[in-house]
Structures are given as C-alpha cells and as structure tokens.
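What follows is the content of start08.txt, which has compact mmCIF, C-alpha atoms and all ligand atoms:
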```txt
# COMPACT_ATOMS: atom_id res chain seq x y z
CA MET A 1 -24.59 12.11 28.60
CA ALA A 2 -22.03 9.42 29.11
CA SER A 3 -23.65 7.32 26.42
CA GLY A 4 -23.65 10.40 24.13
CA THR A 5 -19.91 10.78 24.62
CA ARG A 6 -19.45 7.10 23.97
CA GLN A 7 -21.45 7.43 20.78
CA ILE A 8 -19.28 10.31 19.57
CA TRP A 9 -16.14 8.36 20.45
CA LYS A 10 -17.46 5.34 18.54
CA GLN A 11 -18.21 7.44 15.50
CA TYR A 12 -14.81 9.07 15.73
CA ARG A 13 -13.11 5.66 15.90
CA SER A 14 -15.13 4.36 12.98
CA VAL A 15 -13.24 6.72 10.66
CA ALA A 16 -10.03 5.06 9.49
CA ILE A 17 -7.07 6.43 11.43
CA ILE A 18 -5.21 7.72 8.41
CA TYR A 19 -8.20 9.87 7.42
CA ARG A 20 -8.45 11.23 10.93
CA ILE A 21 -4.78 12.13 10.64
CA GLY A 22 -5.51 13.72 7.26
CA ILE A 23 -8.24 15.84 8.85
CA ALA A 24 -5.95 16.76 11.74
CA PHE A 25 -3.36 17.79 9.15
CA VAL A 26 -5.83 20.15 7.49
CA LEU A 27 -7.25 21.55 10.74
CA GLY A 28 -3.79 22.05 12.24
CA SER A 29 -2.63 23.83 9.08
CA VAL A 30 -5.71 26.06 9.12
CA LEU A 31 -5.17 26.93 12.77
CA GLY A 32 -1.53 27.76 12.13
CA LEU A 33 -2.46 29.95 9.17
CA ALA A 34 -5.22 31.66 11.11
CA ILE A 35 -3.38 32.55 14.30
CA GLY A 36 0.24 32.49 13.20
CA GLU A 37 3.07 32.48 15.75
CA PRO A 38 0.99 31.60 18.88
CA ALA A 39 0.19 28.24 17.25
CA THR A 40 3.81 27.23 17.80
CA ARG A 41 3.01 26.78 21.50
CA LEU A 42 1.52 23.45 20.50
CA GLU A 43 4.96 22.21 19.56
CA PRO A 44 5.47 19.94 22.61
CA LEU A 45 2.43 17.92 21.57
CA GLY A 46 4.15 17.26 18.25
CA THR A 47 7.42 16.43 19.96
CA LEU A 48 5.62 13.84 22.06
CA PHE A 49 4.44 12.11 18.89
CA VAL A 50 7.97 12.07 17.54
CA ARG A 51 9.35 10.55 20.74
CA LEU A 52 6.72 7.81 20.60
CA LEU A 53 7.73 7.01 17.04
CA LYS A 54 11.40 6.87 18.01
CA MET A 55 10.61 4.50 20.83
CA ILE A 56 9.45 1.72 18.53
CA ILE A 57 12.01 1.94 15.76
CA ILE A 58 14.58 -0.60 16.92
CA PRO A 59 12.12 -3.21 18.27
CA ILE A 60 10.07 -3.03 15.11
CA VAL A 61 13.14 -3.51 12.91
CA PHE A 62 14.23 -6.49 14.94
CA PHE A 63 10.93 -8.35 15.14
CA THR A 64 9.62 -7.69 11.64
CA LEU A 65 12.90 -8.48 9.92
CA LEU A 66 13.20 -11.77 11.77
CA MET A 67 9.77 -12.65 10.43
CA GLY A 68 10.79 -11.55 6.94
CA ALA A 69 13.90 -13.74 7.03
CA ARG A 70 11.76 -16.72 7.91
CA ARG A 71 9.86 -16.26 4.67
CA LEU A 72 13.15 -16.29 2.80
CA SER A 73 13.81 -19.79 4.07
CA PRO A 74 16.60 -21.27 1.94
CA SER A 75 14.66 -24.45 1.21
CA SER A 76 11.86 -22.53 -0.47
CA ILE A 77 14.20 -20.82 -2.88
CA GLY A 78 15.00 -22.68 -6.06
CA LYS A 79 16.19 -21.29 -9.38
CA ILE A 80 12.94 -19.47 -10.09
CA GLY A 81 12.80 -18.16 -6.53
CA GLY A 82 16.35 -16.90 -6.84
CA GLN A 83 15.53 -15.04 -10.05
CA VAL A 84 12.42 -13.54 -8.50
CA ILE A 85 14.28 -12.32 -5.40
CA LEU A 86 17.16 -10.93 -7.42
CA LEU A 87 14.81 -9.04 -9.75
CA TYR A 88 12.81 -7.77 -6.80
CA LEU A 89 15.96 -6.38 -5.24
CA VAL A 90 17.28 -4.87 -8.47
CA THR A 91 13.99 -3.20 -9.38
CA THR A 92 13.65 -1.85 -5.84
CA ALA A 93 17.15 -0.37 -6.00
CA VAL A 94 16.26 1.24 -9.36
CA ALA A 95 13.03 2.57 -7.84
CA ILE A 96 14.85 4.24 -4.93
CA SER A 97 17.36 5.74 -7.34
CA ILE A 98 14.52 7.17 -9.43
CA GLY A 99 12.94 8.54 -6.24
CA LEU A 100 16.22 10.22 -5.32
CA LEU A 101 16.70 11.61 -8.83
CA VAL A 102 13.22 13.09 -8.91
CA GLY A 103 13.64 14.36 -5.35
CA ASN A 104 16.93 16.07 -6.22
CA PHE A 105 15.34 17.57 -9.28
CA VAL A 106 12.12 18.83 -7.67
CA ASN A 107 13.51 19.58 -4.20
CA PRO A 108 9.97 19.38 -2.82
CA GLY A 109 10.69 20.74 0.64
CA VAL A 110 12.45 23.93 -0.40
CA GLY A 111 10.62 26.96 0.95
CA LEU A 112 9.49 25.22 4.11
CA GLU A 113 11.47 25.32 7.29
CA LEU A 114 11.08 23.04 10.21
CA ALA A 115 10.36 24.72 13.54
CA ASP A 116 13.21 23.90 15.87
CA THR A 117 15.62 21.52 14.32
CA SER A 118 18.02 19.78 16.53
CA VAL A 119 19.84 18.28 13.59
CA GLN A 120 23.57 18.49 13.67
CA THR A 121 25.27 18.80 10.35
CA LYS A 122 27.44 15.77 10.13
CA GLN A 123 30.69 15.39 8.36
CA ALA A 124 29.83 13.60 5.11
CA PRO A 125 31.08 10.01 5.34
CA ASP A 126 32.88 8.62 2.33
CA MET A 127 31.48 5.68 0.35
CA LEU A 128 33.72 3.06 1.86
CA GLU A 129 32.73 4.19 5.31
CA VAL A 130 29.05 4.04 4.39
CA PHE A 131 29.40 0.37 3.49
CA MET A 132 31.68 -0.46 6.39
CA ASN A 133 29.28 1.13 8.86
CA ILE A 134 26.53 -1.24 7.80
CA ILE A 135 28.31 -3.98 9.69
CA PRO A 136 28.06 -3.52 13.44
CA THR A 137 31.08 -4.42 15.53
CA ASN A 138 28.67 -4.78 18.42
CA PRO A 139 25.07 -5.59 17.49
CA VAL A 140 23.70 -4.90 20.94
CA GLY A 141 25.55 -1.59 21.00
CA ALA A 142 24.09 -0.72 17.58
CA MET A 143 20.60 -1.40 18.89
CA ALA A 144 21.24 0.55 22.07
CA ASP A 145 22.45 3.50 20.01
CA GLY A 146 19.42 3.29 17.76
CA SER A 147 21.62 2.74 14.69
CA VAL A 148 19.19 1.44 12.13
CA LEU A 149 21.30 0.10 9.31
CA PRO A 150 23.64 -2.07 11.44
CA THR A 151 20.59 -3.37 13.32
CA ILE A 152 18.93 -4.30 10.03
CA PHE A 153 22.09 -6.02 8.83
CA PHE A 154 22.55 -8.06 11.98
CA THR A 155 18.89 -9.03 12.18
CA ILE A 156 18.77 -10.27 8.59
CA ALA A 157 21.95 -12.30 9.17
CA PHE A 158 20.50 -13.73 12.38
CA GLY A 159 17.18 -14.53 10.70
CA LEU A 160 18.81 -16.27 7.75
CA ALA A 161 21.01 -18.28 10.11
CA LEU A 162 17.91 -19.39 12.00
CA ALA A 163 16.17 -20.35 8.75
CA LEU A 164 19.23 -22.39 7.73
CA LEU A 165 19.32 -24.15 11.09
CA GLN A 166 15.66 -24.98 10.76
CA ASP A 167 16.31 -26.58 7.40
CA GLU A 168 19.27 -28.57 8.64
CA HIS A 169 17.62 -30.05 11.70
CA GLU A 170 14.74 -32.51 11.78
CA PRO A 171 11.46 -31.47 13.39
CA GLY A 172 11.40 -32.65 16.98
CA THR A 173 15.08 -31.90 17.59
CA THR A 174 15.96 -29.23 20.13
CA ILE A 175 17.44 -26.86 17.58
CA HIS A 176 14.58 -27.14 15.09
CA ASP A 177 12.02 -26.56 17.81
CA GLY A 178 14.10 -23.78 19.35
CA VAL A 179 14.21 -21.97 16.02
CA GLN A 180 10.45 -22.35 15.70
CA THR A 181 10.02 -20.85 19.13
CA LEU A 182 12.26 -17.91 18.27
CA PHE A 183 10.34 -17.26 15.07
CA GLU A 184 7.07 -17.46 16.95
CA LEU A 185 8.43 -15.03 19.51
CA ALA A 186 9.44 -12.69 16.71
CA GLU A 187 5.99 -12.91 15.24
CA THR A 188 4.37 -12.19 18.58
CA GLY A 189 6.81 -9.36 19.21
CA ALA A 190 6.04 -7.87 15.79
CA GLU A 191 2.30 -8.10 16.42
CA ALA A 192 2.77 -6.38 19.77
CA MET A 193 4.80 -3.64 18.10
CA PHE A 194 2.06 -3.07 15.55
CA LYS A 195 -0.41 -2.73 18.40
CA ILE A 196 1.85 -0.02 19.83
CA VAL A 197 2.13 1.58 16.39
CA TRP A 198 -1.64 1.86 16.20
CA GLY A 199 -1.72 3.35 19.68
CA VAL A 200 0.92 5.86 18.62
CA MET A 201 -1.05 6.64 15.47
CA GLU A 202 -4.16 7.27 17.58
CA TYR A 203 -2.15 9.87 19.41
CA GLY A 204 -0.79 10.94 16.01
CA VAL A 205 -4.08 12.70 15.36
CA ILE A 206 -3.13 15.20 18.05
CA GLY A 207 0.57 15.04 17.19
CA VAL A 208 0.04 15.84 13.53
CA PHE A 209 -2.43 18.60 14.38
CA ALA A 210 0.22 20.20 16.59
CA LEU A 211 3.04 19.70 14.11
CA MET A 212 1.07 21.30 11.30
CA ALA A 213 -0.18 24.16 13.45
CA THR A 214 3.44 24.86 14.41
CA THR A 215 4.67 24.59 10.82
CA PHE A 216 2.02 26.83 9.30
CA GLY A 217 2.08 29.13 12.32
CA GLN A 218 5.68 29.81 11.43
CA ALA A 219 5.79 29.59 7.67
CA GLY A 220 2.34 30.86 6.71
CA VAL A 221 0.84 30.07 3.29
CA ASP A 222 4.30 29.42 1.86
CA ALA A 223 4.09 25.97 3.42
CA ILE A 224 1.37 24.76 1.06
CA LEU A 225 3.51 24.53 -2.05
CA PRO A 226 6.08 22.05 -0.64
CA PHE A 227 3.35 19.50 0.11
CA ALA A 228 1.88 19.88 -3.36
CA LYS A 229 5.38 19.44 -4.76
CA LEU A 230 5.91 16.33 -2.66
CA ILE A 231 2.76 14.73 -4.05
CA GLY A 232 3.75 15.77 -7.58
CA ALA A 233 7.26 14.37 -7.12
CA VAL A 234 5.98 11.01 -5.87
CA ALA A 235 3.49 10.81 -8.76
CA LEU A 236 6.26 11.64 -11.23
CA ALA A 237 8.62 9.05 -9.76
CA VAL A 238 5.93 6.35 -9.80
CA GLY A 239 5.06 7.22 -13.40
CA LEU A 240 8.72 7.05 -14.42
CA HIS A 241 9.32 3.74 -12.69
CA ILE A 242 6.25 2.07 -14.14
CA GLY A 243 6.84 3.58 -17.58
CA PHE A 244 10.58 3.10 -17.80
CA THR A 245 11.50 0.12 -15.61
CA TYR A 246 8.44 -2.11 -15.94
CA LEU A 247 7.00 -1.24 -19.31
CA PHE A 248 10.06 -0.23 -21.30
CA VAL A 249 12.85 -2.36 -19.82
CA LEU A 250 11.08 -5.44 -18.42
CA GLN A 251 8.07 -5.86 -20.68
CA TRP A 252 9.26 -4.42 -23.95
CA GLY A 253 13.01 -4.81 -23.68
CA LEU A 254 13.36 -8.18 -21.96
CA LEU A 255 10.02 -9.85 -22.60
CA ARG A 256 9.45 -8.41 -26.07
CA GLU A 257 5.80 -7.91 -25.24
CA SER A 258 3.54 -4.94 -25.66
CA PRO A 259 3.57 -2.63 -22.62
CA LEU A 260 -0.07 -1.83 -23.26
CA ASP A 261 -0.99 -5.49 -23.03
CA PHE A 262 0.76 -5.63 -19.68
CA LEU A 263 -1.26 -2.71 -18.39
CA LYS A 264 -4.42 -4.34 -19.68
CA GLY A 265 -3.60 -7.52 -17.78
CA ALA A 266 -2.53 -5.78 -14.58
CA LYS A 267 -5.28 -3.16 -14.42
CA GLU A 268 -7.54 -4.90 -11.85
CA ALA A 269 -4.67 -5.27 -9.39
CA MET A 270 -3.48 -1.71 -10.03
CA ILE A 271 -6.93 -0.22 -9.47
CA THR A 272 -7.54 -2.31 -6.35
CA ALA A 273 -4.18 -1.29 -4.88
CA LEU A 274 -4.97 2.33 -5.63
CA SER A 275 -8.23 2.08 -3.76
CA ILE A 276 -7.36 -0.09 -0.76
CA ARG A 277 -3.73 0.98 -0.17
CA SER A 278 -2.55 -2.50 0.73
CA SER A 279 -0.53 -4.87 -1.41
CA SER A 280 -1.36 -7.75 0.93
CA GLY A 281 -5.05 -6.93 0.65
CA THR A 282 -4.73 -6.77 -3.13
CA LEU A 283 -2.99 -10.15 -3.27
CA PRO A 284 -6.02 -12.20 -4.37
CA VAL A 285 -6.61 -9.81 -7.26
CA THR A 286 -2.94 -9.75 -8.20
CA MET A 287 -2.90 -13.55 -8.21
CA ASN A 288 -6.02 -13.63 -10.30
CA ASP A 289 -4.46 -11.29 -12.86
CA ALA A 290 -1.33 -13.44 -12.99
CA ASP A 291 -3.42 -16.53 -13.57
CA GLU A 292 -6.29 -15.37 -15.74
CA ASN A 293 -4.74 -12.50 -17.68
CA PHE A 294 -1.13 -13.55 -18.04
CA GLY A 295 -1.45 -17.32 -17.84
CA VAL A 296 1.39 -17.57 -15.31
CA ASP A 297 1.87 -21.06 -13.87
CA GLU A 298 0.46 -21.31 -10.36
CA GLU A 299 3.71 -22.74 -9.06
CA VAL A 300 5.44 -19.48 -9.95
CA TYR A 301 2.93 -16.88 -8.84
CA SER A 302 1.92 -18.68 -5.65
CA PHE A 303 5.50 -18.14 -4.49
CA SER A 304 6.41 -14.85 -6.13
CA LEU A 305 3.30 -12.79 -5.42
CA PRO A 306 2.87 -13.38 -1.66
CA LEU A 307 6.61 -12.86 -1.32
CA GLY A 308 6.37 -9.71 -3.45
CA ALA A 309 3.55 -8.36 -1.32
CA THR A 310 5.91 -8.36 1.62
CA ILE A 311 9.44 -7.90 0.36
CA ASN A 312 9.02 -6.15 -2.99
CA MET A 313 7.90 -2.62 -2.37
CA ASP A 314 9.25 -0.49 -5.15
CA GLY A 315 6.78 2.34 -4.62
CA THR A 316 7.32 2.37 -0.87
CA ALA A 317 11.09 2.25 -1.20
CA MET A 318 11.10 4.92 -3.90
CA TYR A 319 9.05 7.14 -1.65
CA GLN A 320 11.87 6.98 0.91
CA GLY A 321 14.13 8.63 -1.65
CA VAL A 322 11.73 11.48 -2.35
CA ALA A 323 10.85 11.92 1.32
CA ALA A 324 14.50 11.90 2.42
CA ILE A 325 15.19 14.80 0.06
CA PHE A 326 12.04 16.52 1.32
CA ALA A 327 13.28 16.16 4.90
CA ALA A 328 16.76 17.38 4.00
CA ASN A 329 15.22 20.42 2.26
CA LEU A 330 13.27 21.21 5.41
CA VAL A 331 16.42 21.52 7.48
CA GLY A 332 18.34 23.25 4.71
CA GLN A 333 20.71 20.36 4.06
CA THR A 334 21.71 18.63 0.88
CA LEU A 335 22.24 14.91 1.01
CA THR A 336 25.74 13.89 0.02
CA LEU A 337 26.28 11.05 -2.41
CA GLY A 338 27.19 8.81 0.53
CA GLU A 339 23.96 9.70 2.31
CA GLN A 340 21.96 8.99 -0.82
CA VAL A 341 23.62 5.58 -1.05
CA THR A 342 22.64 5.12 2.60
CA VAL A 343 19.02 5.81 1.62
CA ILE A 344 19.23 3.14 -1.08
CA VAL A 345 20.73 0.54 1.23
CA THR A 346 18.45 1.30 4.20
CA ALA A 347 15.24 1.35 2.17
CA LEU A 348 16.25 -1.77 0.26
CA LEU A 349 17.00 -3.76 3.38
CA ALA A 350 14.09 -2.35 5.36
CA SER A 351 11.67 -3.30 2.61
CA VAL A 352 12.27 -6.96 3.48
CA GLY A 353 10.42 -6.53 6.75
CA THR A 354 7.84 -3.90 5.82
CA ALA A 355 4.34 -5.31 5.59
CA GLY A 356 2.11 -4.56 2.62
CA VAL A 357 -0.51 -2.77 4.67
CA PRO A 358 -1.75 0.82 4.55
CA GLY A 359 0.74 3.31 5.88
CA SER A 360 3.64 0.95 6.50
CA GLY A 361 5.77 3.16 4.25
CA LEU A 362 5.61 5.77 7.00
CA ILE A 363 7.20 3.38 9.48
CA MET A 364 9.92 2.70 6.96
CA LEU A 365 10.45 6.43 6.70
CA THR A 366 11.22 6.62 10.41
CA LEU A 367 14.04 4.14 9.82
CA VAL A 368 15.48 6.01 6.87
CA LEU A 369 15.32 9.41 8.56
CA THR A 370 16.83 8.03 11.76
CA GLN A 371 19.68 6.50 9.81
CA LEU A 372 20.35 9.85 8.14
CA GLY A 373 19.99 11.83 11.34
CA LEU A 374 17.12 13.84 9.85
CA PRO A 375 14.22 15.04 12.01
CA LEU A 376 11.38 12.60 12.61
CA GLU A 377 8.91 15.49 12.74
CA VAL A 378 8.83 15.05 8.98
CA VAL A 379 7.04 11.71 9.43
CA GLY A 380 4.22 13.47 11.25
CA MET A 381 4.08 16.18 8.63
CA VAL A 382 3.89 13.88 5.63
CA ALA A 383 1.43 11.61 7.47
CA GLY A 384 -1.25 14.16 6.66
CA VAL A 385 -0.88 13.67 2.93
CA ASP A 386 -0.13 9.97 3.23
CA PRO A 387 -3.60 8.77 2.17
CA ILE A 388 -2.75 10.14 -1.29
CA LEU A 389 0.90 9.09 -1.40
CA ASP A 390 0.14 5.61 -0.10
CA ARG A 391 -2.21 4.94 -3.01
CA LEU A 392 0.48 5.76 -5.53
CA ARG A 393 3.07 3.69 -3.68
CA THR A 394 0.84 0.66 -3.34
CA MET A 395 -0.18 0.72 -6.99
CA ASN A 396 3.49 0.80 -7.90
CA ASN A 397 4.22 -2.05 -5.46
CA VAL A 398 1.76 -4.51 -6.97
CA THR A 399 2.61 -3.53 -10.53
CA GLY A 400 6.22 -4.37 -9.73
CA ASP A 401 5.24 -7.78 -8.38
CA LEU A 402 3.39 -8.61 -11.58
CA ALA A 403 6.07 -7.21 -13.88
CA VAL A 404 8.75 -9.42 -12.27
CA THR A 405 6.48 -12.45 -11.99
CA THR A 406 5.51 -12.37 -15.66
CA LEU A 407 9.13 -11.92 -16.70
CA VAL A 408 10.41 -14.83 -14.63
CA ALA A 409 7.49 -17.01 -15.70
CA LYS A 410 8.25 -16.40 -19.35
CA TRP A 411 11.99 -16.89 -18.92
CA ASN A 412 11.25 -20.28 -17.42
CA ASP A 413 8.55 -21.13 -19.94
CA ARG A 414 5.84 -21.14 -17.30
CA ILE A 415 3.19 -19.26 -19.26
CA ASP A 416 -0.04 -20.72 -20.56
CA ARG A 417 -0.33 -19.02 -23.92
CA THR A 418 -3.98 -19.86 -24.32
CA LYS A 419 -4.83 -17.55 -21.44
CA THR A 420 -2.48 -14.60 -21.77
CA VAL A 421 -3.43 -11.08 -22.84
CA TRP A 422 -0.13 -10.71 -24.63
CA THR A 423 -0.65 -10.42 -28.32
CA THR A 424 2.76 -9.70 -29.74
CA THR A 425 4.48 -13.05 -29.49
CA ASP A 426 4.15 -14.88 -32.78
CA SER A 427 4.52 -18.48 -31.71
CA PRO A 428 2.50 -19.52 -28.70
CA THR A 429 4.52 -21.74 -26.43
CA GLU A 430 3.18 -24.79 -24.71
CA VAL A 431 2.35 -24.69 -21.05
CA ALA A 432 5.44 -25.99 -19.39
CA SER A 433 5.09 -29.17 -17.45
CA ASP A 434 5.50 -28.95 -13.72
CA ASP A 435 9.04 -30.15 -13.63
N1 LIG A 501 0.53 0.51 1.61
C1 LIG A 501 1.71 0.01 1.00
C2 LIG A 501 1.49 -1.43 0.56
O1 LIG A 501 0.64 -2.08 1.08
C3 LIG A 501 2.89 0.08 1.87
C4 LIG A 501 3.20 1.53 2.12
O2 LIG A 501 3.93 2.09 1.30
O3 LIG A 501 2.72 2.13 3.06
O4 LIG A 501 2.15 -1.91 -0.32
```
Please rewrite the model in this file as structure tokens.
Ligand code: ASP
Amino acid sequence: MASGTRQIWKQYRSVAIIYRIGIAFVLGSVLGLAIGEPATRLEPLGTLFVRLLKMIIIPIVFFTLLMGARRLSPSSIGKIGGQVILLYLVTTAVAISIGLLVGNFVNPGVGLELADTSVQTKQAPDMLEVFMNIIPTNPVGAMADGSVLPTIFFTIAFGLALALLQDEHEPGTTIHDGVQTLFELAETGAEAMFKIVWGVMEYGVIGVFALMATTFGQAGVDAILPFAKLIGAVALAVGLHIGFTYLFVLQWGLLRESPLDFLKGAKEAMITALSIRSSSGTLPVTMNDADENFGVDEEVYSFSLPLGATINMDGTAMYQGVAAIFAANLVGQTLTLGEQVTVIVTALLASVGTAGVPGSGLIMLTLVLTQLGLPLEVVGMVAGVDPILDRLRTMNNVTGDLAVTTLVAKWNDRIDRTKTVWTTTDSPTEVASDD
C-alpha cells in the first residue's frame, strides 16, 4: 500500500509542475462552474498561496539582482557591449509599451471580478512623483515595507558598485575577495530562493485549484472569455513587437535587410524557445543561428546572447504590461498614466535579474503587481494558462536577442558575409578582423 502511494506520488511528481498547475486550473474551474457559490469556501487555500508568493518577493529581488549586476561588470562592457545593452533596454521598453497599448485596447480582464479584493484605490501619483519614488530614502525601510521599485533601484546600484570595486582591486586584496564573497552569497541566496519558489509552486497546484474554483464559483461561465482574451492579447502583442520592432524597424529600417531572411535565420531558435519555454535552454541554438545563419562574429554573440538570455526579456516584460491591465480590470480599476510608467520602469529593471527559465515571468509579475498595489491572486489565476503564454514570451525573448545581436554585429562590421542568410545586401563585406 505504502509503496503504491509512493508510486502514485512519483508519477505525479514526474509531470512538470507547470502542467500540474494547468490541470489544477482546469479542474478548479470545472468545480467552480459545477457547484457555484459553495466553491468559494476554498478561498483560504488560495490566499495561502498568495501569502507564500508575497513572502519571497523582496529576498528574490535582492539576491537575483545582485547576481545580474555582477554579469554587467564594467570591465566586460566595451563599445559593442554598450550598444548591445542600450538596444536591449530600448527594445524592452518598447515591448512593455506595446504590451500596455494592447492591454488597454483589449482590456482582457473585463467581465471577470476577483472574489474579495482588498485593494485600496490609491490617489494617482503624478509623473514626477513616480520617478522620485524609485529612489529610496531608506533602503532597509523600502525592503521592510515590501516596496519593490526602490528595492530594485538600490540593489542594482549596490551590485554595480560591487562590480566596480572588484575591477578596481587586485585579486587577493581584502576588498576584491570580499566582493567575491558577497557575490557568492548572493548566488547562494538566489538559489535558495528558487528552491523556495519551487516549494511554493508545488503548493500552487492546490492554491490555483482553489483560486479558480472560487473565481468560477462566483462568476460562472463568464470567466472563460477573459482568459481567452488574455492569451489573444499576449499573442497580438508578441506579433506586433516581432513584426514592427524587430522586422520593420531593426531589420528593414536600420539593417536594410529582408525581414523574411531574418526569420529564416532565426527559425530554429524561435521554434526551440516555443517548445522548451526557456531562453537559457535555447541558448546553444540561438548561438548556432547567430554563427551559422547570420555569420555573426563569435566575439559579439558570445557576449550578447548569454547576456540577452538573462537581461533581455522583451516578451516577458511585455507580458507584464498586458497582465497588469488584466489585473486592474479584475478589480475594476484603470491604470493611470503614472501607473503605466511604473509598469514600464519596474518590468524594465526587474528584467535584469529574471532568469531565462520556464515560468520566471510569473515571478516578475508578482513584483509588478506588488508595486502597483494590485492583488497577487492574479498570479495564481494566470499561472493556469502560463504554459501557453510562456511559450509566446520565450519565443519573443530569443528573437529579440538575435535581432539586436545581428544589428550590432553589422554596425560594427562583425558579420561573415560568406555565411549569412541575408540576401539583400549588394556588396558582401569582409569578415572584420578581431580588433
Ligand atoms: N520562460 C521565459 C524565458 O525563458 C521567461 C518567462 O517569461 O517566464 O525567457
């Protein structure tokens, strides 16, 4: 008997967590639809999940961003690195704006109401205040209050200062070694946080079941449409960003190359990302595309693509825009301009520390919603459809890495014309020498 139970448990655990959450989402929804109001008694189980998520927000921001700042070590950034980082940031900001535009247009969450919302309507802050509030007057206080944006700001500043110190001091000196130790601590702390995240997600199977049962128990069949609209809105935003920003502006406008050729060269990476939902996991394929299909110099892509897989997450950041509007719809609020700017800034800064692994966009969503004071229940609710959304986001993420990498490589004459899929350029350029 005991071994039978163990067997069932083993089989249960062998299904990837996000699919178990997806199944819980469906079963919870069905239960809510079937029994209606009584299903709302499960609400505390959902609330527990939300509290667990809240618990890890500030530590995860602190540890992962410190690690991210280490990767941005000033000594590794030359002219090409600077261009890559700047373009990554600009395209991510454009992506979030597109996500917000599409979200405002589709209003995916309208028609669905969240059970008991303890959200207070806040006085809309003006723009200046939004920017001023990014800078904490007391970093420890900001962390203690759970204020995400000021915590992000302070941690990035701290991380960059550490990276600078590491560059300035010789190995073996107290400061250099101390910085190393701090970075190692951050890495260990981040790993520990991810262990907790996975524990929380294990419980998330029950949490999401309860949240969905409560939602559908209250709203009935009307709740189906908002989720379909959310998926549609994310697909539309991804399509617009790839079509407009990458193909039209970067490839055609700035590179003067055929957008179709770009898609031809990037297709392996795009398809892999779509299937495995991880930009880090797709990295070898993305690098291969950069090398074999676009003829990008190794010196460029070996820096830009691993960096992109961690800090350049256009799809993930854009999703924050759509999801923030979805969450606001659920509590019957409209996001003010200042709040939408807050989404842009939070998602942009948070993307520095978000890992390119399946589902990390959901963690980022907890930061964005916390910053806006919107209910974290939404994270549990969208977790059920995340296996679909994550594919779209990840495909967008790796496409963005390649679009920027090819552009910077060509700007700096680091393309081997004998290899590239591009057909439109009349005069093939020489492979640039290493220096
Ligand atoms: N899975 C995404 C990636 O690896 C991150 C996310 O949006 O969850 O790029």
Check your understanding: In Å to one decimal, how far is CA of Val61 (chain A) from CA of Gln180 (chain A)?
Key ->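 So the two atoms, CA of Gln180 (chain A) and CA of Val61 (chain A), lie 19.2 Å apart.
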Review point. So how far away is CA of Val15 (chain A) from CA of Met193 (chain A), in Å?
Key: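 Interatomic distance here is 22.1 Å.
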**Study point:** Best match for closeness to ligand LIG 501 (chain A) among A:Ile18, A:Ala324, A:Val221, A:Leu240, counting all atoms listed in the file
**Key:** A:Ile18
For ligand LIG 501 (chain A), what centre and edge lengths in Å (one decimal) does the axis-aligned box get once 3 Å is added on each side of all its listed atoms, as AutoDock Vina command-line options?
```
--center_x 2.2 --center_y 0.0 --center_z 1.4 --size_x 9.4 --size_y 10.2 --size_z 9.4
```
Name the residues in contact with Phe62 (chain A) at a cut-off of 12 Å, using all atoms listed in the file, excluding same-chain residues fewer than 6 positions from it; report them as a PDB file with C-alpha atoms, in the frame of the given file.
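The result, written out as around-v1.pdb:
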```pdb
ATOM      1  CA  ILE A  56       9.450   1.720  18.530  1.00  0.00           C
ATOM      2  CA  GLY A  68      10.790 -11.550   6.940  1.00  0.00           C
ATOM      3  CA  ALA A  69      13.900 -13.740   7.030  1.00  0.00           C
ATOM      4  CA  PRO A 139      25.070  -5.590  17.490  1.00  0.00           C
ATOM      5  CA  VAL A 140      23.700  -4.900  20.940  1.00  0.00           C
ATOM      6  CA  ALA A 142      24.090  -0.720  17.580  1.00  0.00           C
ATOM      7  CA  MET A 143      20.600  -1.400  18.890  1.00  0.00           C
ATOM      8  CA  GLY A 146      19.420   3.290  17.760  1.00  0.00           C
ATOM      9  CA  SER A 147      21.620   2.740  14.690  1.00  0.00           C
ATOM     10  CA  VAL A 148      19.190   1.440  12.130  1.00  0.00           C
ATOM     11  CA  LEU A 149      21.300   0.100   9.310  1.00  0.00           C
ATOM     12  CA  PRO A 150      23.640  -2.070  11.440  1.00  0.00           C
ATOM     13  CA  THR A 151      20.590  -3.370  13.320  1.00  0.00           C
ATOM     14  CA  ILE A 152      18.930  -4.300  10.030  1.00  0.00           C
ATOM     15  CA  PHE A 153      22.090  -6.020   8.830  1.00  0.00           C
ATOM     16  CA  PHE A 154      22.550  -8.060  11.980  1.00  0.00           C
ATOM     17  CA  THR A 155      18.890  -9.030  12.180  1.00  0.00           C
ATOM     18  CA  ILE A 156      18.770 -10.270   8.590  1.00  0.00           C
ATOM     19  CA  ALA A 157      21.950 -12.300   9.170  1.00  0.00           C
ATOM     20  CA  PHE A 158      20.500 -13.730  12.380  1.00  0.00           C
ATOM     21  CA  GLY A 159      17.180 -14.530  10.700  1.00  0.00           C
ATOM     22  CA  PHE A 183      10.340 -17.260  15.070  1.00  0.00           C
ATOM     23  CA  LEU A 185       8.430 -15.030  19.510  1.00  0.00           C
ATOM     24  CA  ALA A 186       9.440 -12.690  16.710  1.00  0.00           C
ATOM     25  CA  GLU A 187       5.990 -12.910  15.240  1.00  0.00           C
ATOM     26  CA  THR A 188       4.370 -12.190  18.580  1.00  0.00           C
ATOM     27  CA  GLY A 189       6.810  -9.360  19.210  1.00  0.00           C
ATOM     28  CA  ALA A 190       6.040  -7.870  15.790  1.00  0.00           C
ATOM     29  CA  MET A 193       4.800  -3.640  18.100  1.00  0.00           C
ATOM     30  CA  ALA A 350      14.090  -2.350   5.360  1.00  0.00           C
ATOM     31  CA  VAL A 352      12.270  -6.960   3.480  1.00  0.00           C
ATOM     32  CA  GLY A 353      10.420  -6.530   6.750  1.00  0.00           C
ATOM     33  CA  THR A 354       7.840  -3.900   5.820  1.00  0.00           C
ATOM     34  CA  LEU A 367      14.040   4.140   9.820  1.00  0.00           C
TER      35      LEU A 367
END
```
Practice item. Can you tell me which residues come within 10 Å of ligand LIG 501 (chain A) when counting only C-alpha atoms and all ligand atoms, ideally as a VMD selection string? Key: chain A and resid 273 to 274 276 to 283 308 to 320 351 354 to 365 386 to 387 389 to 398
Practice item. Pick out the residues sitting within 12 Å of Gly253 (chain A), and hand them over as JSON, numbers by chain; count all atoms listed in the file, and ignore anything fewer than 6 positions along from it in its own chain. Key: {"A": [244, 245, 246, 247, 259, 407]}
Dump C-alpha atoms for the selected residues as a PDB file, in the coordinates of the input?
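See selection_7.pdb below for the written result:
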```pdb
ATOM      1  CA  PHE A 244      10.580   3.100 -17.800  1.00  0.00           C
ATOM      2  CA  THR A 245      11.500   0.120 -15.610  1.00  0.00           C
ATOM      3  CA  TYR A 246       8.440  -2.110 -15.940  1.00  0.00           C
ATOM      4  CA  LEU A 247       7.000  -1.240 -19.310  1.00  0.00           C
ATOM      5  CA  PRO A 259       3.570  -2.630 -22.620  1.00  0.00           C
ATOM      6  CA  LEU A 407       9.130 -11.920 -16.700  1.00  0.00           C
TER       7      LEU A 407
END
```
Review point. Counting all atoms listed in the file, which of A:Leu250, A:Ile224, A:Val30, A:Gly109 gets nearest to Val404 (chain A)?
Key: A:Leu250
Check your understanding: Which distance in Å separates CA of Ala233 (chain A) and CA of Ile57 (chain A), to one decimal?
Key -> 26.5 Å
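Among the candidates A:Ile388, A:Leu128, A:Ala24, A:Ala210, the residue lying nearest to Ile231 (chain A) is A:Ile388 (atoms considered: all atoms listed in the file).
Restricting the calculation to all atoms listed in the file, the smallest distance between His241 (chain A) and any of A:Thr406, A:Asn133, A:Ser97, A:Thr5 is found for A:Ser97.
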